[in-house]
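Dumped target-v6.tsv below, it's TSV, C-alpha atoms:
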```
chain	number	residue	atom	x	y	z
Z	1	MET	CA	32.99	75.83	10.17
Z	2	ALA	CA	29.72	76.67	8.50
Z	3	SER	CA	27.03	75.08	6.39
Z	4	LEU	CA	26.34	76.24	2.84
Z	5	SER	CA	22.91	76.50	1.26
Z	6	ILE	CA	22.37	77.24	-2.43
Z	7	GLU	CA	18.71	77.78	-3.31
Z	8	ASN	CA	17.45	77.99	-6.90
Z	9	VAL	CA	20.53	79.86	-8.04
Z	10	LYS	CA	20.57	81.09	-11.61
Z	11	LYS	CA	23.27	82.93	-13.53
Z	12	GLN	CA	23.13	84.36	-17.01
Z	13	PHE	CA	25.40	86.58	-19.06
Z	14	GLY	CA	23.16	88.59	-21.33
Z	15	LYS	CA	20.78	86.08	-22.89
Z	16	THR	CA	23.07	83.11	-22.20
Z	17	VAL	CA	21.99	81.07	-19.18
Z	18	VAL	CA	25.06	79.53	-17.53
Z	19	LEU	CA	23.48	78.09	-14.36
Z	20	ARG	CA	19.90	76.86	-14.06
Z	21	ASP	CA	18.11	76.52	-10.71
Z	22	ILE	CA	21.05	75.12	-8.74
Z	23	CYS	CA	20.05	73.71	-5.33
Z	24	LEU	CA	22.62	72.30	-2.90
Z	25	ASP	CA	22.78	71.92	0.89
Z	26	ILE	CA	26.22	71.34	2.40
Z	27	THR	CA	26.56	70.50	6.09
Z	28	HIS	CA	29.24	71.70	8.53
Z	29	GLY	CA	32.65	70.27	7.67
Z	30	GLU	CA	31.53	68.55	4.48
Z	31	PHE	CA	33.80	68.21	1.45
Z	32	LEU	CA	31.79	68.95	-1.70
Z	33	VAL	CA	33.28	68.47	-5.15
Z	34	LEU	CA	31.74	70.15	-8.21
Z	35	VAL	CA	32.78	68.07	-11.22
Z	36	GLY	CA	32.00	68.22	-14.89
Z	37	PRO	CA	33.46	68.97	-18.33
Z	38	SER	CA	34.83	72.38	-19.27
Z	39	GLY	CA	32.07	74.94	-19.69
Z	40	CYS	CA	29.53	73.16	-17.49
Z	41	GLY	CA	29.30	76.09	-15.03
Z	42	LYS	CA	31.19	74.70	-12.03
Z	43	SER	CA	33.72	77.56	-11.77
Z	44	THR	CA	30.93	80.10	-12.25
Z	45	LEU	CA	29.06	78.54	-9.32
Z	46	LEU	CA	32.21	78.73	-7.20
Z	47	ASN	CA	32.60	82.41	-8.11
Z	48	LEU	CA	28.99	83.06	-7.07
Z	49	ILE	CA	29.66	81.44	-3.69
Z	50	ALA	CA	32.78	83.61	-3.33
Z	51	GLY	CA	30.94	86.75	-4.39
Z	52	LEU	CA	33.22	87.31	-7.40
Z	53	GLU	CA	30.19	87.18	-9.72
Z	54	THR	CA	26.76	88.68	-9.15
Z	55	ILE	CA	23.86	86.27	-8.90
Z	56	SER	CA	20.97	86.54	-11.40
Z	57	ASP	CA	18.41	84.82	-9.19
Z	58	GLY	CA	18.25	82.67	-6.06
Z	59	VAL	CA	19.77	82.75	-2.58
Z	60	ILE	CA	23.15	81.74	-1.12
Z	61	ARG	CA	23.53	81.25	2.64
Z	62	ILE	CA	26.66	80.59	4.66
Z	63	GLY	CA	25.54	79.31	8.02
Z	64	GLU	CA	22.41	81.28	8.87
Z	65	LYS	CA	23.56	84.39	6.99
Z	66	ASP	CA	22.17	85.36	3.59
Z	67	VAL	CA	25.29	86.36	1.62
Z	68	THR	CA	23.65	86.64	-1.81
Z	69	HIS	CA	24.62	90.30	-2.14
Z	70	VAL	CA	27.38	90.48	0.49
Z	71	PRO	CA	30.87	91.59	-0.75
Z	72	PRO	CA	33.53	88.83	-0.93
Z	73	LYS	CA	35.57	90.26	1.95
Z	74	ASP	CA	32.60	89.91	4.30
Z	75	ARG	CA	31.67	86.30	3.44
Z	76	ASP	CA	34.30	84.63	5.65
Z	77	ILE	CA	35.61	82.47	2.80
Z	78	ALA	CA	39.13	81.73	1.55
Z	79	MET	CA	39.88	80.73	-2.03
Z	80	VAL	CA	42.75	78.71	-3.51
Z	81	PHE	CA	43.17	79.36	-7.22
Z	82	GLN	CA	44.49	77.24	-10.08
Z	83	SER	CA	47.27	79.80	-10.65
Z	84	TYR	CA	48.21	79.94	-6.92
Z	85	ALA	CA	48.06	83.80	-7.10
Z	86	LEU	CA	51.07	84.32	-4.84
Z	87	TYR	CA	52.76	87.72	-4.50
Z	88	PRO	CA	56.09	87.27	-6.36
Z	89	ASN	CA	57.88	90.06	-4.46
Z	90	MET	CA	57.02	88.60	-1.04
Z	91	ASN	CA	58.57	85.58	0.64
Z	92	VAL	CA	56.46	82.66	1.83
Z	93	ARG	CA	56.12	84.03	5.34
Z	94	LYS	CA	54.81	87.34	4.01
Z	95	ASN	CA	52.46	85.66	1.53
Z	96	ILE	CA	50.85	83.69	4.35
Z	97	SER	CA	50.69	86.59	6.80
Z	98	PHE	CA	49.55	89.31	4.37
Z	99	GLY	CA	45.84	88.64	4.77
Z	100	LEU	CA	46.18	88.60	8.55
Z	101	GLU	CA	48.02	91.93	8.53
Z	102	THR	CA	45.26	93.56	6.48
Z	103	ARG	CA	42.84	92.37	9.14
Z	104	LYS	CA	44.93	94.21	11.78
Z	105	MET	CA	45.77	91.05	13.71
Z	106	ALA	CA	48.41	91.52	16.42
Z	107	ARG	CA	51.99	90.65	15.37
Z	108	PRO	CA	52.48	87.90	18.00
Z	109	GLU	CA	49.25	86.25	16.82
Z	110	ILE	CA	50.30	86.51	13.18
Z	111	LYS	CA	53.65	84.90	13.95
Z	112	LYS	CA	51.96	82.10	15.87
Z	113	GLN	CA	49.44	81.48	13.08
Z	114	VAL	CA	52.08	81.41	10.33
Z	115	GLU	CA	54.20	78.92	12.28
Z	116	LYS	CA	51.15	76.76	12.97
Z	117	VAL	CA	50.14	76.65	9.29
Z	118	ALA	CA	53.73	76.10	8.13
Z	119	ALA	CA	54.09	73.14	10.48
Z	120	MET	CA	50.78	71.67	9.34
Z	121	LEU	CA	51.85	71.86	5.68
Z	122	GLN	CA	55.49	71.00	6.37
Z	123	ILE	CA	56.85	74.15	4.74
Z	124	GLU	CA	58.77	75.58	7.74
Z	125	ASP	CA	62.03	75.51	5.78
Z	126	LEU	CA	60.48	77.51	2.91
Z	127	LEU	CA	59.30	80.56	4.85
Z	128	ASP	CA	62.15	82.82	3.71
Z	129	ARG	CA	62.00	81.83	0.03
Z	130	LYS	CA	60.13	83.69	-2.71
Z	131	PRO	CA	57.62	81.95	-5.03
Z	132	ALA	CA	60.12	81.85	-7.94
Z	133	GLN	CA	62.35	79.63	-5.81
Z	134	LEU	CA	59.61	77.05	-5.19
Z	135	SER	CA	58.38	74.02	-7.14
Z	136	GLY	CA	54.76	73.76	-8.27
Z	137	GLY	CA	53.83	71.55	-5.32
Z	138	GLN	CA	55.51	73.92	-2.87
Z	139	ARG	CA	53.67	76.92	-4.34
Z	140	GLN	CA	50.41	75.04	-3.98
Z	141	ARG	CA	51.15	74.38	-0.31
Z	142	VAL	CA	51.86	78.07	0.23
Z	143	ALA	CA	48.59	79.03	-1.47
Z	144	MET	CA	46.78	76.58	0.82
Z	145	GLY	CA	48.68	77.96	3.82
Z	146	ARG	CA	47.58	81.49	3.04
Z	147	ALA	CA	43.98	80.32	2.97
Z	148	LEU	CA	44.36	78.22	6.13
Z	149	ALA	CA	45.89	81.06	8.14
Z	150	ARG	CA	42.66	83.03	7.91
Z	151	GLU	CA	40.62	80.18	9.48
Z	152	PRO	CA	37.58	80.91	7.27
Z	153	ALA	CA	34.14	79.36	7.53
Z	154	ILE	CA	34.46	77.83	4.05
Z	155	PHE	CA	37.38	76.97	1.76
Z	156	LEU	CA	36.88	77.28	-2.00
Z	157	PHE	CA	39.29	75.42	-4.31
Z	158	ASP	CA	39.24	76.20	-8.04
Z	159	GLU	CA	41.04	73.33	-9.87
Z	160	PRO	CA	44.08	73.75	-7.59
Z	161	LEU	CA	46.01	70.73	-8.92
Z	162	SER	CA	45.57	71.17	-12.67
Z	163	ASN	CA	49.03	72.72	-13.17
Z	164	LEU	CA	50.88	69.87	-11.44
Z	165	ASP	CA	52.37	66.75	-13.00
Z	166	ALA	CA	50.58	63.40	-12.59
Z	167	LYS	CA	52.58	62.07	-9.63
Z	168	LEU	CA	52.47	65.36	-7.75
Z	169	ARG	CA	48.71	65.56	-8.29
Z	170	VAL	CA	48.31	62.20	-6.54
Z	171	ASP	CA	50.53	63.35	-3.65
Z	172	MET	CA	48.69	66.66	-3.28
Z	173	ARG	CA	45.29	64.93	-3.32
Z	174	THR	CA	46.41	62.99	-0.28
Z	175	GLU	CA	47.66	66.18	1.37
Z	176	ILE	CA	44.34	67.95	0.81
Z	177	LYS	CA	42.43	64.96	2.19
Z	178	LEU	CA	44.64	64.87	5.30
Z	179	LEU	CA	44.28	68.63	5.68
Z	180	HIS	CA	40.51	68.38	5.65
Z	181	GLN	CA	40.60	65.63	8.26
Z	182	LYS	CA	42.75	67.85	10.49
Z	183	VAL	CA	40.91	71.18	10.21
Z	184	GLY	CA	37.38	69.91	9.49
Z	185	THR	CA	36.38	73.07	7.61
Z	186	THR	CA	33.67	73.03	4.95
Z	187	ILE	CA	35.25	72.76	1.48
Z	188	VAL	CA	33.83	73.35	-2.00
Z	189	TYR	CA	36.25	72.00	-4.61
Z	190	VAL	CA	35.99	72.42	-8.39
Z	191	THR	CA	37.62	69.97	-10.79
Z	192	HIS	CA	37.10	68.34	-14.18
Z	193	ASP	CA	39.06	65.29	-12.98
Z	194	GLN	CA	36.68	62.54	-11.86
Z	195	ILE	CA	39.50	60.73	-10.00
Z	196	GLU	CA	39.96	63.82	-7.80
Z	197	ALA	CA	36.21	63.96	-7.27
Z	198	MET	CA	35.96	60.30	-6.25
Z	199	THR	CA	38.97	60.34	-3.92
Z	200	LEU	CA	38.35	63.65	-2.14
Z	201	ALA	CA	34.61	64.17	-1.83
Z	202	ASP	CA	32.11	63.40	0.86
Z	203	ARG	CA	29.54	64.25	-1.79
Z	204	ILE	CA	29.79	65.04	-5.50
Z	205	ALA	CA	27.67	67.30	-7.69
Z	206	VAL	CA	28.04	66.22	-11.33
Z	207	MET	CA	27.30	69.15	-13.65
Z	208	LYS	CA	26.53	69.50	-17.33
Z	209	ASP	CA	25.30	72.57	-19.25
Z	210	GLY	CA	24.64	74.53	-16.06
Z	211	VAL	CA	22.48	71.81	-14.50
Z	212	ILE	CA	23.28	69.39	-11.66
Z	213	GLN	CA	22.84	65.95	-13.18
Z	214	GLN	CA	23.30	64.04	-9.92
Z	215	PHE	CA	24.21	64.85	-6.31
Z	216	GLY	CA	25.33	62.16	-3.89
Z	217	SER	CA	28.23	60.29	-2.32
Z	218	PRO	CA	30.98	58.95	-4.59
Z	219	ARG	CA	29.73	55.40	-4.05
Z	220	GLU	CA	26.11	56.31	-4.84
Z	221	ILE	CA	27.07	58.05	-8.07
Z	222	TYR	CA	29.44	55.28	-9.13
Z	223	ASP	CA	27.06	52.40	-8.41
Z	224	ASN	CA	23.76	54.09	-9.29
Z	225	PRO	CA	24.32	56.72	-11.99
Z	226	SER	CA	21.18	58.60	-12.98
Z	227	SER	CA	22.11	58.91	-16.65
Z	228	MET	CA	24.54	57.77	-19.31
Z	229	PHE	CA	26.36	61.10	-18.97
Z	230	VAL	CA	27.04	60.56	-15.26
Z	231	ALA	CA	27.90	56.88	-15.78
Z	232	GLY	CA	30.36	57.74	-18.54
Z	233	PHE	CA	31.94	60.69	-16.76
Z	234	ILE	CA	32.52	59.01	-13.39
Z	235	GLY	CA	34.80	55.98	-13.48
Z	236	SER	CA	38.13	55.17	-15.13
Z	237	PRO	CA	38.10	53.34	-17.46
Z	238	ALA	CA	34.60	54.53	-18.33
Z	239	MET	CA	31.52	52.35	-18.11
Z	240	ASN	CA	30.80	50.16	-21.13
Z	241	PHE	CA	27.62	51.09	-23.00
Z	242	ILE	CA	26.30	48.08	-24.87
Z	243	PRO	CA	23.28	48.64	-27.16
Z	244	CYS	CA	20.65	45.95	-26.75
Z	245	GLU	CA	16.98	45.04	-26.83
Z	246	LEU	CA	14.95	43.31	-24.19
Z	247	GLY	CA	13.32	40.18	-25.52
Z	248	GLU	CA	11.78	36.91	-24.34
Z	249	GLU	CA	13.36	33.46	-24.19
Z	250	ASP	CA	11.64	30.39	-22.72
Z	251	GLY	CA	9.03	32.63	-21.07
Z	252	GLU	CA	11.59	34.89	-19.41
Z	253	TYR	CA	12.47	38.47	-20.33
Z	254	GLY	CA	16.12	39.28	-20.80
Z	255	ILE	CA	18.90	40.70	-22.95
Z	256	LEU	CA	20.79	38.75	-25.59
Z	257	LEU	CA	24.49	39.60	-25.88
Z	258	THR	CA	26.60	38.39	-28.79
Z	259	ALA	CA	30.35	38.34	-29.27
Z	260	GLY	CA	30.35	36.68	-32.70
Z	261	GLN	CA	28.22	34.43	-34.84
Z	262	ASP	CA	27.87	31.60	-32.33
Z	263	GLU	CA	29.00	33.18	-29.03
Z	264	THR	CA	25.94	34.45	-27.17
Z	265	CYS	CA	24.56	34.72	-23.65
Z	266	PHE	CA	21.12	35.58	-22.32
Z	267	ILE	CA	20.95	37.86	-19.27
Z	268	PRO	CA	17.65	37.72	-17.31
Z	269	ALA	CA	16.16	41.17	-16.88
Z	270	GLY	CA	14.67	40.55	-13.45
Z	271	GLY	CA	17.60	42.16	-11.65
Z	272	LEU	CA	17.98	45.01	-14.13
Z	273	CYS	CA	14.57	46.70	-14.06
Z	274	ARG	CA	11.22	46.51	-12.25
Z	275	ASN	CA	8.83	45.89	-15.18
Z	276	PRO	CA	10.78	44.18	-17.97
Z	277	GLY	CA	7.63	43.31	-19.92
Z	278	ASP	CA	7.00	47.02	-20.55
Z	279	LEU	CA	10.40	47.37	-22.25
Z	280	ALA	CA	10.17	44.44	-24.66
Z	281	GLY	CA	11.36	45.42	-28.13
Z	282	LYS	CA	12.59	48.86	-27.06
Z	283	SER	CA	16.08	50.13	-27.85
Z	284	LEU	CA	18.11	50.07	-24.63
Z	285	VAL	CA	21.70	50.40	-23.44
Z	286	LEU	CA	23.26	48.02	-20.92
Z	287	GLY	CA	25.85	49.66	-18.68
Z	288	LEU	CA	28.65	47.46	-17.33
Z	289	ARG	CA	31.76	48.68	-15.52
Z	290	PRO	CA	35.05	47.14	-16.76
Z	291	GLU	CA	35.61	45.46	-13.38
Z	292	GLN	CA	32.26	43.68	-13.79
Z	293	ILE	CA	33.70	41.75	-16.73
Z	294	GLY	CA	36.34	39.26	-15.65
Z	295	ALA	CA	38.06	36.13	-16.93
Z	296	ALA	CA	36.61	32.64	-16.52
Z	297	LEU	CA	38.53	29.39	-16.46
Z	298	PRO	CA	37.11	26.34	-18.27
Z	299	GLY	CA	36.14	24.58	-15.03
Z	300	ASP	CA	34.61	27.60	-13.29
Z	301	GLN	CA	30.98	27.19	-12.26
Z	302	ILE	CA	29.00	30.26	-13.41
Z	303	LEU	CA	25.85	30.98	-11.41
Z	304	PRO	CA	23.43	33.96	-11.59
Z	305	PRO	CA	23.93	36.92	-11.53
Z	306	MET	CA	27.04	35.86	-13.43
Z	307	SER	CA	27.01	34.96	-17.13
Z	308	ARG	CA	29.67	33.48	-19.40
Z	309	LEU	CA	30.47	34.79	-22.88
Z	310	THR	CA	33.30	33.66	-25.17
Z	311	CYS	CA	34.93	36.69	-26.84
Z	312	ARG	CA	37.75	37.40	-29.25
Z	313	VAL	CA	40.42	39.67	-27.75
Z	314	ASP	CA	41.32	42.70	-29.87
Z	315	VAL	CA	43.78	44.63	-27.66
Z	316	VAL	CA	45.54	43.95	-24.35
Z	317	GLU	CA	46.82	46.76	-22.10
Z	318	PRO	CA	48.78	45.71	-18.98
Z	319	THR	CA	48.55	48.30	-16.19
Z	320	GLY	CA	50.45	46.45	-13.44
Z	321	PRO	CA	47.94	45.23	-10.84
Z	322	ASP	CA	45.45	44.30	-13.54
Z	323	THR	CA	45.12	44.14	-17.30
Z	324	LEU	CA	42.62	45.82	-19.60
Z	325	VAL	CA	41.29	43.58	-22.33
Z	326	PHE	CA	39.34	45.08	-25.23
Z	327	THR	CA	36.80	43.02	-27.12
Z	328	ARG	CA	33.48	43.60	-28.88
Z	329	ILE	CA	30.05	42.77	-27.48
Z	330	ASN	CA	26.98	43.52	-29.59
Z	331	ARG	CA	29.43	45.06	-32.08
Z	332	VAL	CA	30.74	47.81	-29.75
Z	333	LYS	CA	34.17	48.06	-28.15
Z	334	THR	CA	34.02	46.72	-24.60
Z	335	THR	CA	36.64	47.14	-21.89
Z	336	CYS	CA	37.26	44.33	-19.38
Z	337	ARG	CA	39.47	44.54	-16.28
Z	338	ILE	CA	41.04	41.16	-15.51
Z	339	HIS	CA	43.88	39.63	-13.51
Z	340	PRO	CA	47.16	39.75	-15.48
Z	341	ASP	CA	47.63	35.97	-15.18
Z	342	ARG	CA	44.40	35.35	-17.11
Z	343	ALA	CA	45.07	37.59	-20.10
Z	344	VAL	CA	45.53	36.06	-23.54
Z	345	ALA	CA	47.19	37.44	-26.67
Z	346	PRO	CA	45.27	39.63	-29.14
Z	347	GLY	CA	43.46	37.52	-31.72
Z	348	GLN	CA	42.78	34.68	-29.29
Z	349	THR	CA	39.45	33.95	-27.63
Z	350	MET	CA	38.75	33.79	-23.93
Z	351	ASP	CA	35.78	33.11	-21.68
Z	352	LEU	CA	34.56	36.19	-19.85
Z	353	THR	CA	32.27	36.40	-16.85
Z	354	LEU	CA	29.70	39.20	-16.76
Z	355	ASP	CA	28.57	40.19	-13.28
Z	356	THR	CA	25.20	41.85	-13.81
Z	357	SER	CA	24.41	42.38	-10.11
Z	358	LYS	CA	25.39	46.04	-10.51
Z	359	ALA	CA	24.63	46.44	-14.20
Z	360	VAL	CA	22.31	49.31	-15.16
Z	361	LEU	CA	19.89	49.91	-18.02
Z	362	PHE	CA	19.45	53.18	-19.89
Z	363	ASP	CA	16.94	54.51	-22.36
Z	364	SER	CA	19.08	54.84	-25.51
Z	365	ALA	CA	17.18	57.87	-26.81
Z	366	ALA	CA	16.94	59.94	-23.62
Z	367	GLY	CA	20.11	58.63	-21.97
Z	368	THR	CA	18.28	58.32	-18.65
Z	369	ARG	CA	18.43	55.43	-16.19
Z	370	ILE	CA	15.69	52.81	-16.22
Z	371	GLN	CA	14.88	51.59	-12.74
```
Take the structure in this file and express it as structure tokens.
Amino acid sequence: MASLSIENVKKQFGKTVVLRDICLDITHGEFLVLVGPSGCGKSTLLNLIAGLETISDGVIRIGEKDVTHVPPKDRDIAMVFQSYALYPNMNVRKNISFGLETRKMARPEIKKQVEKVAAMLQIEDLLDRKPAQLSGGQRQRVAMGRALAREPAIFLFDEPLSNLDAKLRVDMRTEIKLLHQKVGTTIVYVTHDQIEAMTLADRIAVMKDGVIQQFGSPREIYDNPSSMFVAGFIGSPAMNFIPCELGEEDGEYGILLTAGQDETCFIPAGGLCRNPGDLAGKSLVLGLRPEQIGAALPGDQILPPMSRLTCRVDVVEPTGPDTLVFTRINRVKTTCRIHPDRAVAPGQTMDLTLDTSKAVLFDSAAGTRIQ
């Protein structure tokens, strides 16, 4: 195991800056996920850590060693690629042992290591097969086994599940999580899938345009996003962004939400921001997760920080354990996650409860969080 330190790292191709002053500190055994849309620079950062790309500026350390200009073979890292990169002419046993043979490890030790890794990944019965005879999930296990056999200081995963079908992706996520719990090696994992990021990571770095937008635990990023970009990227279904203004009613500052001509509710701003008076009249965005909007029954007592709003239902999407209801609040489509028993048919109205205890406010122009 080893720590990883990335200090003011910059990468540019010609005049195009791809990464801008990236700073990250990863502790021993930590699982870091780099997440963001295509083209945000996450794979480029992974390649810099691996030594596959040359750094333009900054320092990369693995443990106490400065590896900024160290060749990939001397960095004590192992990489699992999206394409698996298995040798098609070699069987599974040979694919796993090849790297150990090039390191001149003794044959008995190689045999022992291959058997150990195969048992860990439950691929003992595949050792004599070639990659063409394996399913996608089996190939991914072999690629992971080849990396595991080397016992590196750091594992690097570059979107390893993107070629798998939906069910297999879920299964392999669990396998990778269990694997990390067993071996405890530091992992840097690249994905554009926020579900993978949330389920796997100890900490997440959300990237956009070569810049880290937010760095923290999955719970921190989910509950306290630093911007509308982070809030919209992390979470499925995505956070609702409801345009609003902060005004005054009966001497109290708050936000007025409307679902029609007569259906309104007033949300006090005290729990949303520190100095509501400074924001009066400004164009804002209220962020509410779908699970913060539920269904209310006629006799339910609604107390702060809950609010009640009667809305017309536009679309209903059953998902099994819960149902997504789509309505409009302040004239924008709003997603609500409710219990299936409380859903009504499209075109009908229903009372919704808005839990604003974890609601967030954003500056509509800058897209940044208002504390």
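For the atom pair formed by CA of Val9 in chain Z and CA of Ile60 in chain Z, the distance is 7.6 Å, given to one decimal.
Counting from CA of Thr323 in chain Z, the distance to CA of Glu196 in chain Z is 22.5 Å.
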Nearest residue to Glu220 in chain Z from the set Z:Phe241, Z:Lys358, Z:Cys23, Z:Arg129 (distances using only C-alpha atoms):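 Among the listed residues, Z:Lys358 lies closest to Glu220 in chain Z.
Atom pair CA of Gly36 in chain Z / CA of Leu24 in chain Z: separated by 15.8 Å.
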Neighbour list for Phe215 in chain Z as number ranges by chain, cut-off 12 Å, all atoms listed in the file, skip fewer than 5 positions in-chain: Z: 22-26, 32-35, 201-207, 220-222, 224-226, 230
Given the point (35.8, 75.7, -1.2) in the coordinates of this file, which residues lie within 12 Å, counting all atoms listed in the file, and how would they look as JSON, numbers by chain? {"Z": [1, 2, 3, 4, 26, 29, 30, 31, 32, 33, 34, 42, 43, 45, 46, 47, 48, 49, 50, 62, 76, 77, 78, 79, 80, 81, 144, 147, 148, 152, 153, 154, 155, 156, 157, 158, 159, 160, 176, 180, 185, 186, 187, 188, 189, 190, 191, 201]}
Can those selected residues be exported to a file as a JSON list (two decimals), keeping the file's coordinate frame so that it contains C-alpha atoms?
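Written file, part.json:
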```
[["chain", "number", "residue", "atom", "x", "y", "z"],
["Z", 1, "MET", "CA", 32.99, 75.83, 10.17],
["Z", 2, "ALA", "CA", 29.72, 76.67, 8.50],
["Z", 3, "SER", "CA", 27.03, 75.08, 6.39],
["Z", 4, "LEU", "CA", 26.34, 76.24, 2.84],
["Z", 26, "ILE", "CA", 26.22, 71.34, 2.40],
["Z", 29, "GLY", "CA", 32.65, 70.27, 7.67],
["Z", 30, "GLU", "CA", 31.53, 68.55, 4.48],
["Z", 31, "PHE", "CA", 33.80, 68.21, 1.45],
["Z", 32, "LEU", "CA", 31.79, 68.95, -1.70],
["Z", 33, "VAL", "CA", 33.28, 68.47, -5.15],
["Z", 34, "LEU", "CA", 31.74, 70.15, -8.21],
["Z", 42, "LYS", "CA", 31.19, 74.70, -12.03],
["Z", 43, "SER", "CA", 33.72, 77.56, -11.77],
["Z", 45, "LEU", "CA", 29.06, 78.54, -9.32],
["Z", 46, "LEU", "CA", 32.21, 78.73, -7.20],
["Z", 47, "ASN", "CA", 32.60, 82.41, -8.11],
["Z", 48, "LEU", "CA", 28.99, 83.06, -7.07],
["Z", 49, "ILE", "CA", 29.66, 81.44, -3.69],
["Z", 50, "ALA", "CA", 32.78, 83.61, -3.33],
["Z", 62, "ILE", "CA", 26.66, 80.59, 4.66],
["Z", 76, "ASP", "CA", 34.30, 84.63, 5.65],
["Z", 77, "ILE", "CA", 35.61, 82.47, 2.80],
["Z", 78, "ALA", "CA", 39.13, 81.73, 1.55],
["Z", 79, "MET", "CA", 39.88, 80.73, -2.03],
["Z", 80, "VAL", "CA", 42.75, 78.71, -3.51],
["Z", 81, "PHE", "CA", 43.17, 79.36, -7.22],
["Z", 144, "MET", "CA", 46.78, 76.58, 0.82],
["Z", 147, "ALA", "CA", 43.98, 80.32, 2.97],
["Z", 148, "LEU", "CA", 44.36, 78.22, 6.13],
["Z", 152, "PRO", "CA", 37.58, 80.91, 7.27],
["Z", 153, "ALA", "CA", 34.14, 79.36, 7.53],
["Z", 154, "ILE", "CA", 34.46, 77.83, 4.05],
["Z", 155, "PHE", "CA", 37.38, 76.97, 1.76],
["Z", 156, "LEU", "CA", 36.88, 77.28, -2.00],
["Z", 157, "PHE", "CA", 39.29, 75.42, -4.31],
["Z", 158, "ASP", "CA", 39.24, 76.20, -8.04],
["Z", 159, "GLU", "CA", 41.04, 73.33, -9.87],
["Z", 160, "PRO", "CA", 44.08, 73.75, -7.59],
["Z", 176, "ILE", "CA", 44.34, 67.95, 0.81],
["Z", 180, "HIS", "CA", 40.51, 68.38, 5.65],
["Z", 185, "THR", "CA", 36.38, 73.07, 7.61],
["Z", 186, "THR", "CA", 33.67, 73.03, 4.95],
["Z", 187, "ILE", "CA", 35.25, 72.76, 1.48],
["Z", 188, "VAL", "CA", 33.83, 73.35, -2.00],
["Z", 189, "TYR", "CA", 36.25, 72.00, -4.61],
["Z", 190, "VAL", "CA", 35.99, 72.42, -8.39],
["Z", 191, "THR", "CA", 37.62, 69.97, -10.79],
["Z", 201, "ALA", "CA", 34.61, 64.17, -1.83]]
```
Can you tell me, as JSON, numbers by chain, what residues are no more than 12 Å from Met228 in chain Z when counting only C-alpha atoms, ignoring any on the same chain fewer than 2 positions away? {"Z": [213, 214, 221, 222, 224, 225, 226, 230, 231, 232, 233, 234, 235, 238, 239, 240, 241, 242, 284, 285, 286, 287, 288, 360, 361, 362, 363, 364, 365, 366, 367, 368, 369, 370]}
To box range 176-194 of chain Z, take all atoms listed in the file, fit an axis-aligned box, add 8 Å on each side, and give centre and edge lengths in Å to one decimal, as JSON.
```
{"center_x": 39.2, "center_y": 67.9, "center_z": -1.8, "size_x": 27.0, "size_y": 26.8, "size_z": 40.7}
```
Top pick for closest residue to His339 in chain Z, considering Z:Leu161, Z:Leu246, Z:Ile293, Z:Leu200 and counting only C-alpha atoms: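 With only C-alpha atoms as the atom set, the closest residue is Z:Ile293.
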Find the residues with any atom within 12 Å of (33.4, 48.7, -32.0); use only C-alpha atoms and the coordinates as given in the file, and write the answer as a PyMOL selection string. chain Z and resi 240-243+259+314-315+326-335
Between Z:Val59, Z:Ala359, Z:Ala166, Z:Leu354, which residue has the minimum interatomic distance to Ile195 in chain Z, considering all atoms listed in the file?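 Using all atoms listed in the file, the shortest distance to Ile195 in chain Z belongs to Z:Ala166.
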Taking 3 positions as the minimum chain separation for residues in the same chain, which residues sit within 12 Å of Asp171 in chain Z when counting all atoms listed in the file? Answer as a PyMOL selection string. chain Z and resi 137-138+140-141+161+164-168+174-178+196+199
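Minimum atom-to-atom distance to Val117 in chain Z, evaluated using all atoms listed in the file, belongs to Z:Gly145 out of Z:Pro71, Z:Gly145, Z:Gly136, Z:Pro346.
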So, counting all atoms listed in the file, which residue among Z:Gly247, Z:Gly277, Z:Gly58, Z:Pro340 is closest to Glu317 in chain Z?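 Of Z:Gly247, Z:Gly277, Z:Gly58, Z:Pro340, the one nearest Glu317 in chain Z, counting all atoms listed in the file, is Z:Pro340.
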Mind filling out range 3-9 of chain Z with N, CA and C atoms and sending it as a PDB file, in the coordinates of the input?
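Output file out.pdb is given in full below:
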```pdb
ATOM      1  N   SER Z   3      27.758  75.762   7.443  1.00  0.00           N
ATOM      2  CA  SER Z   3      27.030  75.080   6.390  1.00  0.00           C
ATOM      3  C   SER Z   3      26.904  76.018   5.190  1.00  0.00           C
ATOM      4  N   LEU Z   4      26.532  75.446   4.060  1.00  0.00           N
ATOM      5  CA  LEU Z   4      26.340  76.240   2.840  1.00  0.00           C
ATOM      6  C   LEU Z   4      25.038  75.801   2.192  1.00  0.00           C
ATOM      7  N   SER Z   5      24.195  76.786   1.898  1.00  0.00           N
ATOM      8  CA  SER Z   5      22.910  76.500   1.260  1.00  0.00           C
ATOM      9  C   SER Z   5      22.802  77.305  -0.025  1.00  0.00           C
ATOM     10  N   ILE Z   6      22.540  76.606  -1.121  1.00  0.00           N
ATOM     11  CA  ILE Z   6      22.370  77.240  -2.430  1.00  0.00           C
ATOM     12  C   ILE Z   6      20.954  76.933  -2.896  1.00  0.00           C
ATOM     13  N   GLU Z   7      20.146  77.968  -3.043  1.00  0.00           N
ATOM     14  CA  GLU Z   7      18.710  77.780  -3.310  1.00  0.00           C
ATOM     15  C   GLU Z   7      18.327  78.403  -4.642  1.00  0.00           C
ATOM     16  N   ASN Z   8      17.972  77.551  -5.600  1.00  0.00           N
ATOM     17  CA  ASN Z   8      17.450  77.990  -6.900  1.00  0.00           C
ATOM     18  C   ASN Z   8      18.300  79.071  -7.550  1.00  0.00           C
ATOM     19  N   VAL Z   9      19.604  78.863  -7.512  1.00  0.00           N
ATOM     20  CA  VAL Z   9      20.530  79.860  -8.040  1.00  0.00           C
ATOM     21  C   VAL Z   9      20.586  79.791  -9.564  1.00  0.00           C
TER      22      VAL Z   9
END
```
